[in-house]
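The data block below is work19.txt; it holds compact mmCIF, C-alpha atoms.
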# COMPACT_ATOMS: atom_id res chain seq x y z
CA MET A 249 4.76 52.15 -93.33
CA ILE A 250 4.00 52.80 -96.99
CA ASN A 251 7.66 52.84 -97.99
CA ASN A 252 8.79 49.69 -96.25
CA PRO A 253 9.37 47.17 -99.08
CA VAL A 254 9.24 44.10 -96.83
CA LEU A 255 5.82 45.01 -95.47
CA ARG A 256 4.51 45.87 -98.93
CA VAL A 257 5.60 42.61 -100.51
CA ILE A 258 4.47 40.43 -97.60
CA ALA A 259 1.12 42.22 -97.47
CA LYS A 260 0.61 41.71 -101.19
CA ILE A 261 1.26 37.98 -100.75
CA MET A 262 -0.85 37.66 -97.61
CA ILE A 263 -3.96 39.63 -98.57
CA PRO A 264 -5.21 37.30 -101.37
CA LEU A 265 -4.63 34.29 -99.13
CA ILE A 266 -6.59 35.88 -96.28
CA LEU A 267 -9.45 36.76 -98.63
CA LEU A 268 -9.47 33.23 -100.04
CA PHE A 269 -9.48 31.77 -96.54
CA ALA A 270 -12.40 34.05 -95.60
CA LEU A 271 -14.38 32.76 -98.57
CA TYR A 272 -13.51 29.16 -97.64
CA VAL A 273 -14.69 29.73 -94.07
CA GLN A 274 -17.87 31.35 -95.38
CA PHE A 275 -18.89 28.59 -97.77
CA HIS A 276 -17.44 25.59 -95.94
CA GLY A 277 -19.11 26.59 -92.65
CA ASP A 278 -21.76 23.89 -93.06
CA TYR A 279 -19.20 21.10 -92.98
CA GLY A 280 -16.41 22.35 -90.75
CA PRO A 281 -15.91 25.10 -88.20
CA GLY A 282 -16.83 28.47 -89.64
CA GLY A 283 -19.70 30.55 -90.88
CA GLY A 284 -20.74 34.07 -91.66
CA PHE A 285 -19.54 35.71 -88.45
CA GLN A 286 -16.00 34.34 -88.67
CA ALA A 287 -15.74 34.83 -92.43
CA GLY A 288 -16.86 38.45 -92.14
CA VAL A 289 -14.25 39.23 -89.52
CA ILE A 290 -11.46 37.50 -91.48
CA PHE A 291 -12.47 39.28 -94.68
CA ALA A 292 -12.38 42.58 -92.79
CA ALA A 293 -8.94 41.69 -91.38
CA ALA A 294 -7.54 41.49 -94.93
CA LEU A 295 -8.76 45.00 -95.75
CA VAL A 296 -7.55 46.31 -92.37
CA LEU A 297 -4.09 44.96 -93.25
CA TYR A 298 -4.32 46.66 -96.65
CA ALA A 299 -5.33 49.97 -95.05
CA MET A 300 -2.50 49.77 -92.51
CA VAL A 301 0.22 49.05 -95.07
CA PHE A 302 -0.93 51.12 -98.07
CA GLY A 303 -2.79 53.93 -96.31
CA ILE A 304 -6.41 54.79 -95.61
CA GLU A 305 -6.96 56.60 -98.90
CA ALA A 306 -5.82 53.57 -100.91
CA ALA A 307 -8.20 51.39 -98.92
CA GLU A 308 -11.05 53.78 -99.63
CA ARG A 309 -10.28 53.57 -103.33
CA VAL A 310 -10.68 49.79 -103.06
CA ILE A 311 -13.93 49.99 -101.12
CA PRO A 312 -15.47 53.48 -100.96
CA ALA A 313 -17.47 54.58 -97.93
CA LYS A 314 -20.65 54.79 -100.01
CA VAL A 315 -20.32 51.12 -101.04
CA LEU A 316 -19.72 50.13 -97.41
CA LYS A 317 -22.88 51.90 -96.28
CA VAL A 318 -24.89 50.02 -98.91
CA LEU A 319 -23.26 46.67 -98.01
CA ILE A 320 -24.01 47.08 -94.28
CA ALA A 321 -27.71 47.34 -95.06
CA THR A 322 -27.59 44.67 -97.80
CA GLY A 323 -26.63 41.88 -95.40
CA VAL A 324 -29.45 42.61 -92.97
CA LEU A 325 -31.87 42.92 -95.88
CA ILE A 326 -30.84 39.53 -97.30
CA TYR A 327 -31.41 37.93 -93.89
CA GLY A 328 -34.76 39.64 -93.36
CA GLY A 329 -35.70 39.10 -97.00
CA VAL A 330 -35.29 35.32 -96.68
CA GLY A 331 -37.65 35.49 -93.70
CA VAL A 332 -40.24 37.55 -95.55
CA TYR A 333 -39.95 35.29 -98.61
CA THR A 334 -40.68 32.19 -96.51
CA LEU A 335 -43.70 34.06 -95.08
CA LEU A 336 -44.91 34.72 -98.63
CA LEU A 337 -44.45 31.03 -99.48
CA GLY A 338 -46.90 30.24 -96.73
CA SER A 339 -44.70 28.98 -93.89
CA ASP A 340 -43.33 30.67 -90.76
CA PHE A 341 -40.80 33.49 -90.68
CA LEU A 342 -37.31 32.01 -91.34
CA ASP A 343 -38.70 28.48 -91.82
CA TYR A 344 -36.58 27.34 -94.76
CA ASN A 345 -38.41 24.07 -95.45
CA THR A 346 -40.53 25.65 -98.18
CA LEU A 347 -37.63 27.28 -100.06
CA ALA A 348 -37.15 24.21 -102.26
CA HIS A 349 -39.18 21.14 -103.16
CA ASP A 350 -37.28 19.05 -100.64
CA PRO A 351 -37.23 20.38 -97.04
CA VAL A 352 -33.55 19.45 -96.56
CA HIS A 353 -32.60 21.29 -99.78
CA GLY A 354 -34.66 24.22 -98.57
CA GLN A 355 -32.72 24.24 -95.31
CA HIS A 356 -29.41 24.15 -97.23
CA LEU A 357 -30.44 27.09 -99.40
CA GLY A 358 -31.82 29.05 -96.44
CA ILE A 359 -28.70 28.57 -94.34
CA PHE A 360 -26.49 29.50 -97.31
CA LEU A 361 -28.39 32.77 -97.91
CA VAL A 362 -28.63 33.68 -94.25
CA GLU A 363 -24.91 33.06 -93.65
CA LEU A 364 -24.16 35.15 -96.73
CA GLY A 365 -26.17 38.01 -95.26
CA VAL A 366 -24.38 37.68 -91.93
CA GLY A 367 -20.99 37.61 -93.66
CA ILE A 368 -21.67 40.71 -95.76
CA THR A 369 -22.92 42.81 -92.85
CA VAL A 370 -20.22 41.72 -90.41
CA ALA A 371 -17.42 42.35 -92.93
CA ALA A 372 -18.80 45.74 -93.96
CA VAL A 373 -19.39 46.86 -90.36
CA MET A 374 -15.89 45.82 -89.26
CA ILE A 375 -14.23 47.55 -92.23
CA SER A 376 -16.24 50.74 -91.78
CA ILE A 377 -15.56 50.82 -88.03
CA PHE A 378 -11.83 50.53 -88.70
CA LEU A 379 -11.93 53.18 -91.44
CA ALA A 380 -13.90 55.47 -89.12
CA PHE A 381 -11.30 55.11 -86.34
CA ALA A 382 -8.28 55.38 -88.61
CA GLY A 383 -9.83 58.12 -90.76
CA ARG A 384 -10.42 60.20 -87.64
CA GLY A 385 -6.68 60.12 -87.00
CA ALA A 386 -5.80 60.85 -90.63
CA ARG A 387 -8.11 63.89 -90.83
CA ARG A 388 -6.62 65.63 -87.81
CA MET B 6 -17.61 19.86 -52.65
CA ASP B 7 -15.45 18.73 -55.52
CA ILE B 8 -12.47 21.06 -55.97
CA LEU B 9 -11.50 19.98 -59.49
CA GLY B 10 -15.15 19.87 -60.61
CA HIS B 11 -15.74 23.47 -59.58
CA LEU B 12 -12.32 24.89 -60.45
CA ASN B 13 -13.53 26.27 -63.78
CA TYR B 14 -16.23 28.34 -62.06
CA TRP B 15 -13.79 29.73 -59.51
CA VAL B 16 -11.23 30.74 -62.09
CA VAL B 17 -14.01 32.37 -64.12
CA VAL B 18 -15.18 34.27 -61.02
CA PHE B 19 -11.60 35.42 -60.39
CA LEU B 20 -11.15 36.61 -63.98
CA MET B 21 -14.56 38.28 -63.87
CA MET B 22 -13.59 40.13 -60.71
CA THR B 23 -10.29 41.33 -62.20
CA GLY B 24 -12.28 42.80 -65.08
CA PHE B 25 -14.77 44.32 -62.63
CA TYR B 26 -11.89 45.80 -60.60
CA VAL B 27 -10.39 47.44 -63.70
CA VAL B 28 -13.80 48.93 -64.54
CA ILE B 29 -14.46 50.46 -61.12
CA ALA B 30 -10.95 51.27 -59.91
CA SER B 31 -9.25 52.84 -62.92
CA GLY B 32 -10.12 56.39 -63.98
CA ASN B 33 -9.15 56.08 -67.64
CA LEU B 34 -12.05 55.41 -69.98
CA VAL B 35 -10.06 53.27 -72.46
CA LYS B 36 -8.81 51.11 -69.61
CA LYS B 37 -12.38 50.73 -68.42
CA VAL B 38 -13.32 49.42 -71.87
CA VAL B 39 -10.46 46.90 -71.67
CA GLY B 40 -11.77 45.89 -68.23
CA LEU B 41 -15.24 45.34 -69.64
CA ASN B 42 -13.72 43.12 -72.32
CA LEU B 43 -11.83 41.06 -69.72
CA PHE B 44 -15.13 40.62 -67.86
CA GLN B 45 -16.90 39.67 -71.06
CA ALA B 46 -14.29 37.05 -72.06
CA SER B 47 -14.63 35.40 -68.64
CA VAL B 48 -18.41 35.12 -69.16
CA PHE B 49 -17.71 33.42 -72.49
CA ILE B 50 -15.52 30.87 -70.72
CA LEU B 51 -18.26 30.29 -68.12
CA TYR B 52 -20.81 29.44 -70.81
CA ILE B 53 -18.49 27.23 -72.83
CA SER B 54 -17.26 25.36 -69.75
CA MET B 55 -20.87 24.54 -68.81
CA GLY B 56 -21.42 22.93 -72.22
CA VAL B 57 -18.46 20.55 -71.95
CA VAL B 58 -19.29 16.85 -71.81
CA THR B 59 -16.55 14.52 -70.57
CA GLY B 60 -15.25 12.45 -73.46
CA GLY B 61 -17.22 14.54 -75.94
CA GLU B 62 -16.14 15.67 -79.37
CA PRO B 63 -16.66 19.03 -81.08
CA PRO B 64 -20.28 19.18 -82.34
CA ILE B 65 -19.57 18.42 -85.99
CA LEU B 66 -21.39 15.21 -86.81
CA ARG B 67 -19.39 12.30 -88.22
CA ASP B 68 -19.46 8.53 -88.16
CA GLY B 69 -17.95 6.67 -85.26
CA THR B 70 -18.72 9.24 -82.59
CA ASP B 71 -21.76 9.35 -80.33
CA VAL B 72 -20.81 11.83 -77.63
CA TYR B 73 -20.69 15.49 -78.60
CA SER B 74 -20.30 18.60 -76.49
CA ASN B 75 -23.38 20.75 -76.08
CA PRO B 76 -23.61 23.00 -79.17
CA LEU B 77 -26.15 25.46 -77.75
CA PRO B 78 -23.75 27.54 -75.58
CA HIS B 79 -21.38 27.64 -78.57
CA VAL B 80 -24.05 29.32 -80.70
CA LEU B 81 -24.92 31.87 -78.02
CA ILE B 82 -21.29 32.80 -77.39
CA LEU B 83 -20.33 32.83 -81.08
CA THR B 84 -22.79 35.63 -81.76
CA ALA B 85 -22.05 37.31 -78.42
CA ILE B 86 -18.35 37.67 -79.34
CA VAL B 87 -19.10 39.53 -82.56
CA VAL B 88 -21.76 41.67 -80.89
CA GLY B 89 -19.20 42.32 -78.14
CA VAL B 90 -16.64 43.76 -80.58
CA ALA B 91 -19.32 45.93 -82.18
CA THR B 92 -20.35 47.41 -78.83
CA THR B 93 -16.69 47.79 -77.81
CA ALA B 94 -16.14 49.81 -80.97
CA LEU B 95 -19.08 52.03 -80.05
CA GLY B 96 -17.63 52.56 -76.56
CA LEU B 97 -14.21 53.43 -77.97
CA ALA B 98 -15.80 55.84 -80.47
CA LEU B 99 -17.56 57.59 -77.56
CA ALA B 100 -14.21 57.74 -75.73
CA ILE B 101 -12.62 59.47 -78.76
CA ARG B 102 -15.41 62.06 -78.88
CA ILE B 103 -15.11 62.65 -75.12
CA LYS B 104 -11.36 63.19 -75.52
CA GLU B 105 -12.02 65.70 -78.30
CA ALA B 106 -14.64 67.55 -76.28
CA TYR B 107 -12.90 67.61 -72.89
CA GLY B 108 -9.24 67.11 -73.78
CA SER B 109 -8.93 64.23 -71.37
CA LEU B 110 -10.02 60.66 -70.76
CA GLU B 111 -9.56 60.71 -66.98
CA GLU B 112 -12.82 60.68 -65.05
CA ASP B 113 -11.59 63.23 -62.49
CA GLU B 114 -10.54 65.78 -65.10
CA ILE B 115 -13.77 65.36 -67.07
CA HIS B 116 -15.75 65.85 -63.87
CA LEU B 117 -13.70 68.95 -63.03
CA LYS B 118 -14.27 70.44 -66.50
CA GLU B 119 -17.95 69.65 -66.25
CA THR B 120 -18.38 71.44 -62.89
CA GLU B 121 -16.28 74.39 -64.11
CA GLY B 122 -18.44 74.56 -67.22
CA LEU B 123 -21.56 74.64 -65.07
CA ASN B 124 -20.17 77.53 -63.01
CA ASP B 125 -19.20 79.38 -66.19
CA THR B 126 -22.64 79.11 -67.71
CA SER B 127 -24.27 80.37 -64.51
CA ASN B 128 -21.91 83.39 -64.47
CA HIS B 129 -21.84 84.35 -68.15
CA SER B 130 -24.82 82.91 -69.93
CA GLY B 131 -24.28 81.35 -73.35
CA GLU B 132 -20.89 79.70 -72.87
CA SER B 133 -21.10 75.95 -72.94
CA ALA B 134 -18.65 73.43 -71.61
CA GLY B 135 -16.19 72.04 -74.12
CA GLY B 136 -16.38 72.74 -77.83
CA ILE B 137 -17.53 69.89 -80.01
CA ASP B 138 -16.12 70.08 -83.50
CA GLY B 139 -18.06 68.80 -86.47
CA MET C 164 -11.32 19.58 -64.86
CA SER C 165 -8.28 17.38 -64.36
CA ASP C 166 -7.02 18.34 -67.81
CA PRO C 167 -3.51 19.78 -67.29
CA ILE C 168 -3.74 21.90 -70.46
CA LEU C 169 -6.82 23.70 -69.17
CA ILE C 170 -5.28 24.29 -65.76
CA ALA C 171 -2.11 25.71 -67.33
CA LEU C 172 -4.19 28.01 -69.58
CA PHE C 173 -6.26 29.16 -66.60
CA ALA C 174 -3.07 29.96 -64.66
CA MET C 175 -1.69 31.99 -67.58
CA MET C 176 -4.97 33.89 -67.95
CA ILE C 177 -4.94 34.82 -64.26
CA LEU C 178 -1.37 36.15 -64.56
CA ILE C 179 -2.24 38.16 -67.68
CA ALA C 180 -5.34 39.64 -66.06
CA LEU C 181 -3.36 40.68 -62.97
CA ALA C 182 -0.70 42.26 -65.19
CA ALA C 183 -3.41 44.23 -67.00
CA ILE C 184 -4.54 45.70 -63.66
CA ARG C 185 -1.05 46.77 -62.59
CA LEU C 186 0.19 48.33 -65.84
CA SER C 187 -0.45 52.02 -66.49
CA ASP C 188 0.93 51.99 -70.05
CA LEU C 189 -2.28 51.51 -72.03
CA PHE C 190 -0.39 50.08 -75.03
CA ALA C 191 0.84 47.26 -72.79
CA VAL C 192 -2.65 46.81 -71.33
CA VAL C 193 -4.12 46.38 -74.82
CA ILE C 194 -1.43 43.84 -75.75
CA MET C 195 -2.19 41.97 -72.51
CA PHE C 196 -5.84 41.89 -73.56
CA SER C 197 -4.81 40.49 -76.92
CA ILE C 198 -2.84 37.69 -75.25
CA TYR C 199 -5.78 37.06 -72.91
CA SER C 200 -8.08 36.63 -75.91
CA LEU C 201 -5.68 34.24 -77.60
CA LEU C 202 -5.44 32.15 -74.42
CA ALA C 203 -9.24 32.14 -74.20
CA ALA C 204 -9.36 30.92 -77.81
CA SER C 205 -6.93 28.07 -77.02
CA MET C 206 -9.12 27.19 -74.07
CA PHE C 207 -12.21 27.04 -76.29
CA VAL C 208 -10.43 24.56 -78.58
CA GLN C 209 -9.62 22.42 -75.57
CA MET C 210 -13.29 22.61 -74.50
CA ASP C 211 -14.48 21.34 -77.94
CA ALA C 212 -15.90 24.72 -78.99
CA VAL C 213 -14.00 25.05 -82.26
CA ASP C 214 -16.34 27.58 -83.86
CA VAL C 215 -16.15 29.83 -80.83
CA ALA C 216 -12.36 29.53 -80.69
CA PHE C 217 -12.18 30.57 -84.33
CA THR C 218 -14.29 33.65 -83.68
CA GLU C 219 -12.49 34.63 -80.49
CA ALA C 220 -9.08 34.36 -82.17
CA ALA C 221 -10.19 36.51 -85.12
CA VAL C 222 -12.18 39.05 -83.12
CA GLY C 223 -10.56 39.28 -79.70
CA ALA C 224 -6.92 38.98 -80.68
CA GLY C 225 -7.41 40.67 -84.07
CA ILE C 226 -10.06 43.31 -84.65
CA SER C 227 -10.62 44.34 -80.99
CA THR C 228 -6.92 44.89 -80.45
CA ILE C 229 -6.60 46.94 -83.65
CA LEU C 230 -9.54 49.12 -82.66
CA MET C 231 -8.13 49.73 -79.18
CA LEU C 232 -4.73 50.64 -80.63
CA ALA C 233 -6.40 52.99 -83.12
CA THR C 234 -8.14 54.64 -80.16
CA LEU C 235 -4.86 55.02 -78.29
CA VAL C 236 -3.36 56.84 -81.28
CA LEU C 237 -6.11 59.43 -80.91
CA THR C 238 -6.32 59.62 -77.12
CA GLY C 239 -2.81 59.14 -75.79
CA ARG C 240 -0.85 56.20 -74.51
CA PHE C 241 -0.48 56.71 -70.76
CA GLU C 242 -3.12 56.88 -68.08
CA LYS C 243 -2.76 59.31 -65.20
CA PRO C 244 -1.65 57.57 -62.00
CA SER C 245 -4.78 56.98 -59.96
CA THR C 246 -5.30 59.21 -56.94
CA HIS C 247 -8.12 57.10 -55.56
CA LYS C 248 -7.68 54.70 -52.70
CA SER C 249 -8.00 51.15 -53.96
CA LEU C 250 -9.50 49.83 -50.71
CA LEU C 251 -13.15 50.47 -51.59
CA PRO C 252 -13.05 48.83 -55.04
CA LEU C 253 -11.11 45.90 -53.59
CA THR C 254 -13.78 45.41 -50.92
CA VAL C 255 -16.61 45.58 -53.46
CA VAL C 256 -14.83 43.15 -55.79
CA GLY C 257 -13.94 40.79 -52.94
CA LEU C 258 -17.51 40.70 -51.62
CA THR C 259 -19.01 40.18 -55.08
CA GLY C 260 -16.50 37.42 -55.81
CA ALA C 261 -17.24 35.69 -52.50
CA VAL C 262 -20.99 35.72 -53.19
CA LEU C 263 -20.43 34.36 -56.70
CA VAL C 264 -18.14 31.57 -55.43
CA TYR C 265 -20.80 30.68 -52.84
CA GLY C 266 -23.30 30.51 -55.71
CA THR C 267 -21.09 28.15 -57.76
CA LEU C 268 -21.10 25.49 -55.04
CA ASP C 269 -24.50 24.29 -56.29
CA MET C 270 -23.45 24.31 -59.95
CA PRO C 271 -23.05 21.04 -61.86
CA LEU C 272 -19.57 19.55 -62.00
CA PHE C 273 -17.33 20.27 -65.00
CA GLY C 274 -18.05 17.90 -67.89
CA ASP C 275 -21.12 16.32 -66.24
CA PRO C 276 -23.22 14.86 -69.11
CA ASN C 277 -26.34 14.85 -66.86
CA SER C 278 -26.25 18.51 -65.86
CA SER C 279 -29.41 20.44 -66.64
CA VAL C 280 -27.60 22.44 -69.35
CA ASN C 281 -26.95 19.26 -71.33
CA LEU C 282 -30.33 17.59 -70.80
CA HIS C 283 -32.69 20.09 -72.36
CA VAL C 284 -32.90 20.80 -76.11
CA ALA C 285 -29.26 20.07 -76.97
CA ASP C 286 -29.86 16.34 -77.46
CA ARG C 287 -32.79 17.01 -79.76
CA TYR C 288 -30.64 19.31 -81.89
CA LEU C 289 -27.81 16.76 -82.06
CA GLU C 290 -30.12 13.88 -82.97
CA GLN C 291 -32.48 15.61 -85.40
CA SER C 292 -30.06 17.99 -87.11
CA SER C 293 -28.72 15.44 -89.59
CA THR C 294 -32.20 14.47 -90.84
CA GLU C 295 -33.96 17.85 -90.55
CA ILE C 296 -31.16 20.14 -91.72
CA GLY C 297 -28.73 17.75 -93.33
CA ILE C 298 -25.45 19.50 -92.57
CA PRO C 299 -22.75 18.09 -90.29
CA ASN C 300 -21.90 21.24 -88.33
CA VAL C 301 -24.59 21.40 -85.65
CA VAL C 302 -23.44 24.85 -84.52
CA THR C 303 -24.20 26.26 -87.97
CA SER C 304 -27.55 24.52 -88.17
CA ILE C 305 -28.63 25.88 -84.76
CA LEU C 306 -27.22 29.33 -85.51
CA ALA C 307 -28.87 29.78 -88.88
CA SER C 308 -31.95 27.59 -88.69
CA TYR C 309 -33.20 26.50 -85.26
CA ARG C 310 -32.25 29.82 -83.69
CA GLY C 311 -32.58 31.99 -86.77
CA TYR C 312 -34.53 34.68 -84.90
CA ASP C 313 -31.74 35.12 -82.33
CA THR C 314 -29.12 35.47 -85.04
CA PHE C 315 -31.27 38.00 -86.89
CA GLY C 316 -31.43 40.03 -83.67
CA GLU C 317 -27.66 39.81 -83.18
CA LEU C 318 -27.06 40.91 -86.76
CA THR C 319 -29.31 43.90 -86.17
CA VAL C 320 -27.25 44.81 -83.09
CA ILE C 321 -24.06 44.73 -85.18
CA PHE C 322 -25.77 46.81 -87.87
CA THR C 323 -26.87 49.37 -85.27
CA ALA C 324 -23.43 49.53 -83.67
CA GLY C 325 -21.87 50.13 -87.10
CA ILE C 326 -24.33 52.97 -87.78
CA GLY C 327 -23.57 54.39 -84.32
CA VAL C 328 -19.81 54.43 -84.87
CA MET C 329 -20.24 56.10 -88.26
CA ALA C 330 -22.53 58.72 -86.72
CA LEU C 331 -20.01 59.42 -83.94
CA LEU C 332 -16.78 59.46 -85.92
CA GLY C 333 -17.76 59.94 -89.55
CA ILE C 334 -16.33 57.88 -92.36
CA GLY C 335 -14.46 58.73 -95.53
CA VAL C 336 -11.15 60.55 -95.88
CA ARG C 337 -11.25 61.21 -99.59
CA GLY C 338 -12.73 64.48 -100.73
CA ARG C 339 -12.91 65.90 -97.21
CA ARG C 340 -9.28 66.75 -96.61
CA LYS C 341 -7.73 69.74 -98.29
Would you mind writing the file's structure down as structure tokens?
Amino acid sequence: MINNPVLRVIAKIMIPLILLFALYVQFHGDYGPGGGFQAGVIFAAALVLYAMVFGIEAAERVIPAKVLKVLIATGVLIYGGVGVYTLLLGSDFLDYNTLAHDPVHGQHLGIFLVELGVGITVAAVMISIFLAFAGRGARR
Amino acid sequence: MDILGHLNYWVVVFLMMTGFYVVIASGNLVKKVVGLNLFQASVFILYISMGVVTGGEPPILRDGTDVYSNPLPHVLILTAIVVGVATTALGLALAIRIKEAYGSLEEDEIHLKETEGLNDTSNHSGESAGGIDG
Amino acid sequence: MSDPILIALFAMMILIALAAIRLSDLFAVVIMFSIYSLLAASMFVQMDAVDVAFTEAAVGAGISTILMLATLVLTGRFEKPSTHKSLLPLTVVGLTGAVLVYGTLDMPLFGDPNSSVNLHVADRYLEQSSTEIGIPNVVTSILASYRGYDTFGELTVIFTAGIGVMALLGIGVRGRRK
């Protein structure tokens, strides 16, 4: 597929739009449909498209396996870290009211961070699962 | 008994049973995974259909609307879908390793290889069934 | 359940599911699953579950299908014609289905606002969310705040599944291939 000019051009136009849409879904999830789970999957879809059109090795130059492994853990750590931080502030685990002076602002901040953690882990897991499947075929 | 009021459950049961049939009747492991996914999607529909409120709106608060559908099943199923794809990926990865080890994805052939392997090891000790590459 | 759109979608899903049983070309089976997921997503929109529809369309019709196709590349496209008799599975499936249908007769009617599902905590979430959390999307506020523990657990499951796939298949092409 690497030499098909139509696919290459269309993919180059589509991928930034998909990434932008993923970010919109991630950060607009409080007000409309969306959130970390959906945004992570859409973000991964953009990189899957890139890997399919330009090849697995090109995709791994964009996001190396080592970085993916770190990102997978980062998301879970952000989520758990918010919980531990609220414990340290003296409230319950994952009770965001104490994160800011105003409970509602604390909830906003908590949800933002937690959704960010979800998005990072979901995107990294989906990309690495695809690279694992496709890389298995490429190595044979 | 209200036919239209229960129709959603019956269709869900039918879809669930088609998934179940694919899982138990087909011998191919990848097709079994597809069957599990059909089953899973029907469970999603069951949950969502129980949360519907007649005349309700999607649960995104705004002025001028008082009736919203039940958001709780939405939350449960939202996470279940993403967990579902992660576990599906794990199942498919296992299927790939089984194919590499046994050269087949059909239950019968894997079973045959397995029993042959057992006979081999009892005859000449040390030979194991199916090579697993690194 | 007198919504004609839902009934039409249900009918299409039944046809697709039956086609998936009959086909032995796994490529076609996977595409049928993709269509099935897309129909399920349309159904979720019609049932007011917009967040779920979003996820199902991206995951079921997108990533799941890609992963299944990637598996088929490695394992072969056609399944061996089954040598088993299909009578026993049909009996098991028929009996299970009959018991489940018997069980549904006591279930609340579709769209009943007074069913036990809709009477418990859902109202509290809908009423308090705007003052306690302050964001309009109640699904997000339940997901990330009221039910934060659940979501943390789900995220850990995804994390573990990702680790499992990497352990089984390995990751990284560069530097390994000569």
Enclose all atoms of stretch 181-198 of chain C listed in the file in an axis-aligned box, grow every side by 4 Å, and hand back centre and edge lengths in Å to one decimal, as AutoDock Vina command-line options.
--center_x -2.5 --center_y 44.9 --center_z -69.8 --size_x 14.8 --size_y 22.3 --size_z 22.3
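The shortest atom-to-atom distance to B:Gly24, with only C-alpha atoms taken into account, belongs to C:Ala180 out of C:Ala180, C:Leu251, C:Ser165, C:Asp214.
For the residues B:Leu110, B:Leu83, B:Ala100, B:Val17, ranking by smallest atom-to-atom distance to chain A using all atoms listed in the file places B:Leu83 first.
With all atoms listed in the file as the atoms that count, the residue of A:Ala270, A:Ala321, A:Val301, A:Ala287 with the shortest distance to chain B is A:Ala287.
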Extract, using all atoms listed in the file, all DNA, RNA and protein residues at most 9 Å from stretch 354-356 of chain A, discarding same-chain residues fewer than 4 positions from it, and format them as a PyMOL selection string.
(chain A and resi 278+343-350+360-361) or (chain C and resi 295-298+304+308)
Would you list which chain B residues are within 12 Å of chain A using all atoms listed in the file, as a tab-separated table (two decimals) with C-alpha atoms, in the frame of the given file?
chain	number	residue	atom	x	y	z
B	63	PRO	CA	-16.66	19.03	-81.08
B	64	PRO	CA	-20.28	19.18	-82.34
B	65	ILE	CA	-19.57	18.42	-85.99
B	66	LEU	CA	-21.39	15.21	-86.81
B	67	ARG	CA	-19.39	12.30	-88.22
B	79	HIS	CA	-21.38	27.64	-78.57
B	80	VAL	CA	-24.05	29.32	-80.70
B	82	ILE	CA	-21.29	32.80	-77.39
B	83	LEU	CA	-20.33	32.83	-81.08
B	84	THR	CA	-22.79	35.63	-81.76
B	85	ALA	CA	-22.05	37.31	-78.42
B	86	ILE	CA	-18.35	37.67	-79.34
B	87	VAL	CA	-19.10	39.53	-82.56
B	88	VAL	CA	-21.76	41.67	-80.89
B	90	VAL	CA	-16.64	43.76	-80.58
B	91	ALA	CA	-19.32	45.93	-82.18
B	92	THR	CA	-20.35	47.41	-78.83
B	93	THR	CA	-16.69	47.79	-77.81
B	94	ALA	CA	-16.14	49.81	-80.97
B	95	LEU	CA	-19.08	52.03	-80.05
B	96	GLY	CA	-17.63	52.56	-76.56
B	97	LEU	CA	-14.21	53.43	-77.97
B	98	ALA	CA	-15.80	55.84	-80.47
B	99	LEU	CA	-17.56	57.59	-77.56
B	100	ALA	CA	-14.21	57.74	-75.73
B	101	ILE	CA	-12.62	59.47	-78.76
B	102	ARG	CA	-15.41	62.06	-78.88
B	105	GLU	CA	-12.02	65.70	-78.30
B	138	ASP	CA	-16.12	70.08	-83.50
B	139	GLY	CA	-18.06	68.80	-86.47
Any idea what the distance is between atom CA of C:Tyr288 and atom CA of B:Gly61?
15.4 Å
Who sits within 12 Å of B:Leu34, only C-alpha atoms, same chain under 3 positions skipped, as a VMD selection string
(chain B and resid 27 to 31 37 to 41 93 96 to 104 109 to 115) or (chain C and resid 189 231 234 to 235 238 to 239 241 to 243)
Would you mind exporting the chosen residues as a CSV table (one decimal), keeping the file's coordinate frame, restricted to C-alpha atoms?
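In the end it all went to out-v3.csv:
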chain,number,residue,atom,x,y,z
B,27,VAL,CA,-10.4,47.4,-63.7
B,28,VAL,CA,-13.8,48.9,-64.5
B,29,ILE,CA,-14.5,50.5,-61.1
B,30,ALA,CA,-11.0,51.3,-59.9
B,31,SER,CA,-9.2,52.8,-62.9
B,37,LYS,CA,-12.4,50.7,-68.4
B,38,VAL,CA,-13.3,49.4,-71.9
B,39,VAL,CA,-10.5,46.9,-71.7
B,40,GLY,CA,-11.8,45.9,-68.2
B,41,LEU,CA,-15.2,45.3,-69.6
B,93,THR,CA,-16.7,47.8,-77.8
B,96,GLY,CA,-17.6,52.6,-76.6
B,97,LEU,CA,-14.2,53.4,-78.0
B,98,ALA,CA,-15.8,55.8,-80.5
B,99,LEU,CA,-17.6,57.6,-77.6
B,100,ALA,CA,-14.2,57.7,-75.7
B,101,ILE,CA,-12.6,59.5,-78.8
B,102,ARG,CA,-15.4,62.1,-78.9
B,103,ILE,CA,-15.1,62.6,-75.1
B,104,LYS,CA,-11.4,63.2,-75.5
B,109,SER,CA,-8.9,64.2,-71.4
B,110,LEU,CA,-10.0,60.7,-70.8
B,111,GLU,CA,-9.6,60.7,-67.0
B,112,GLU,CA,-12.8,60.7,-65.0
B,113,ASP,CA,-11.6,63.2,-62.5
B,114,GLU,CA,-10.5,65.8,-65.1
B,115,ILE,CA,-13.8,65.4,-67.1
C,189,LEU,CA,-2.3,51.5,-72.0
C,231,MET,CA,-8.1,49.7,-79.2
C,234,THR,CA,-8.1,54.6,-80.2
C,235,LEU,CA,-4.9,55.0,-78.3
C,238,THR,CA,-6.3,59.6,-77.1
C,239,GLY,CA,-2.8,59.1,-75.8
C,241,PHE,CA,-0.5,56.7,-70.8
C,242,GLU,CA,-3.1,56.9,-68.1
C,243,LYS,CA,-2.8,59.3,-65.2
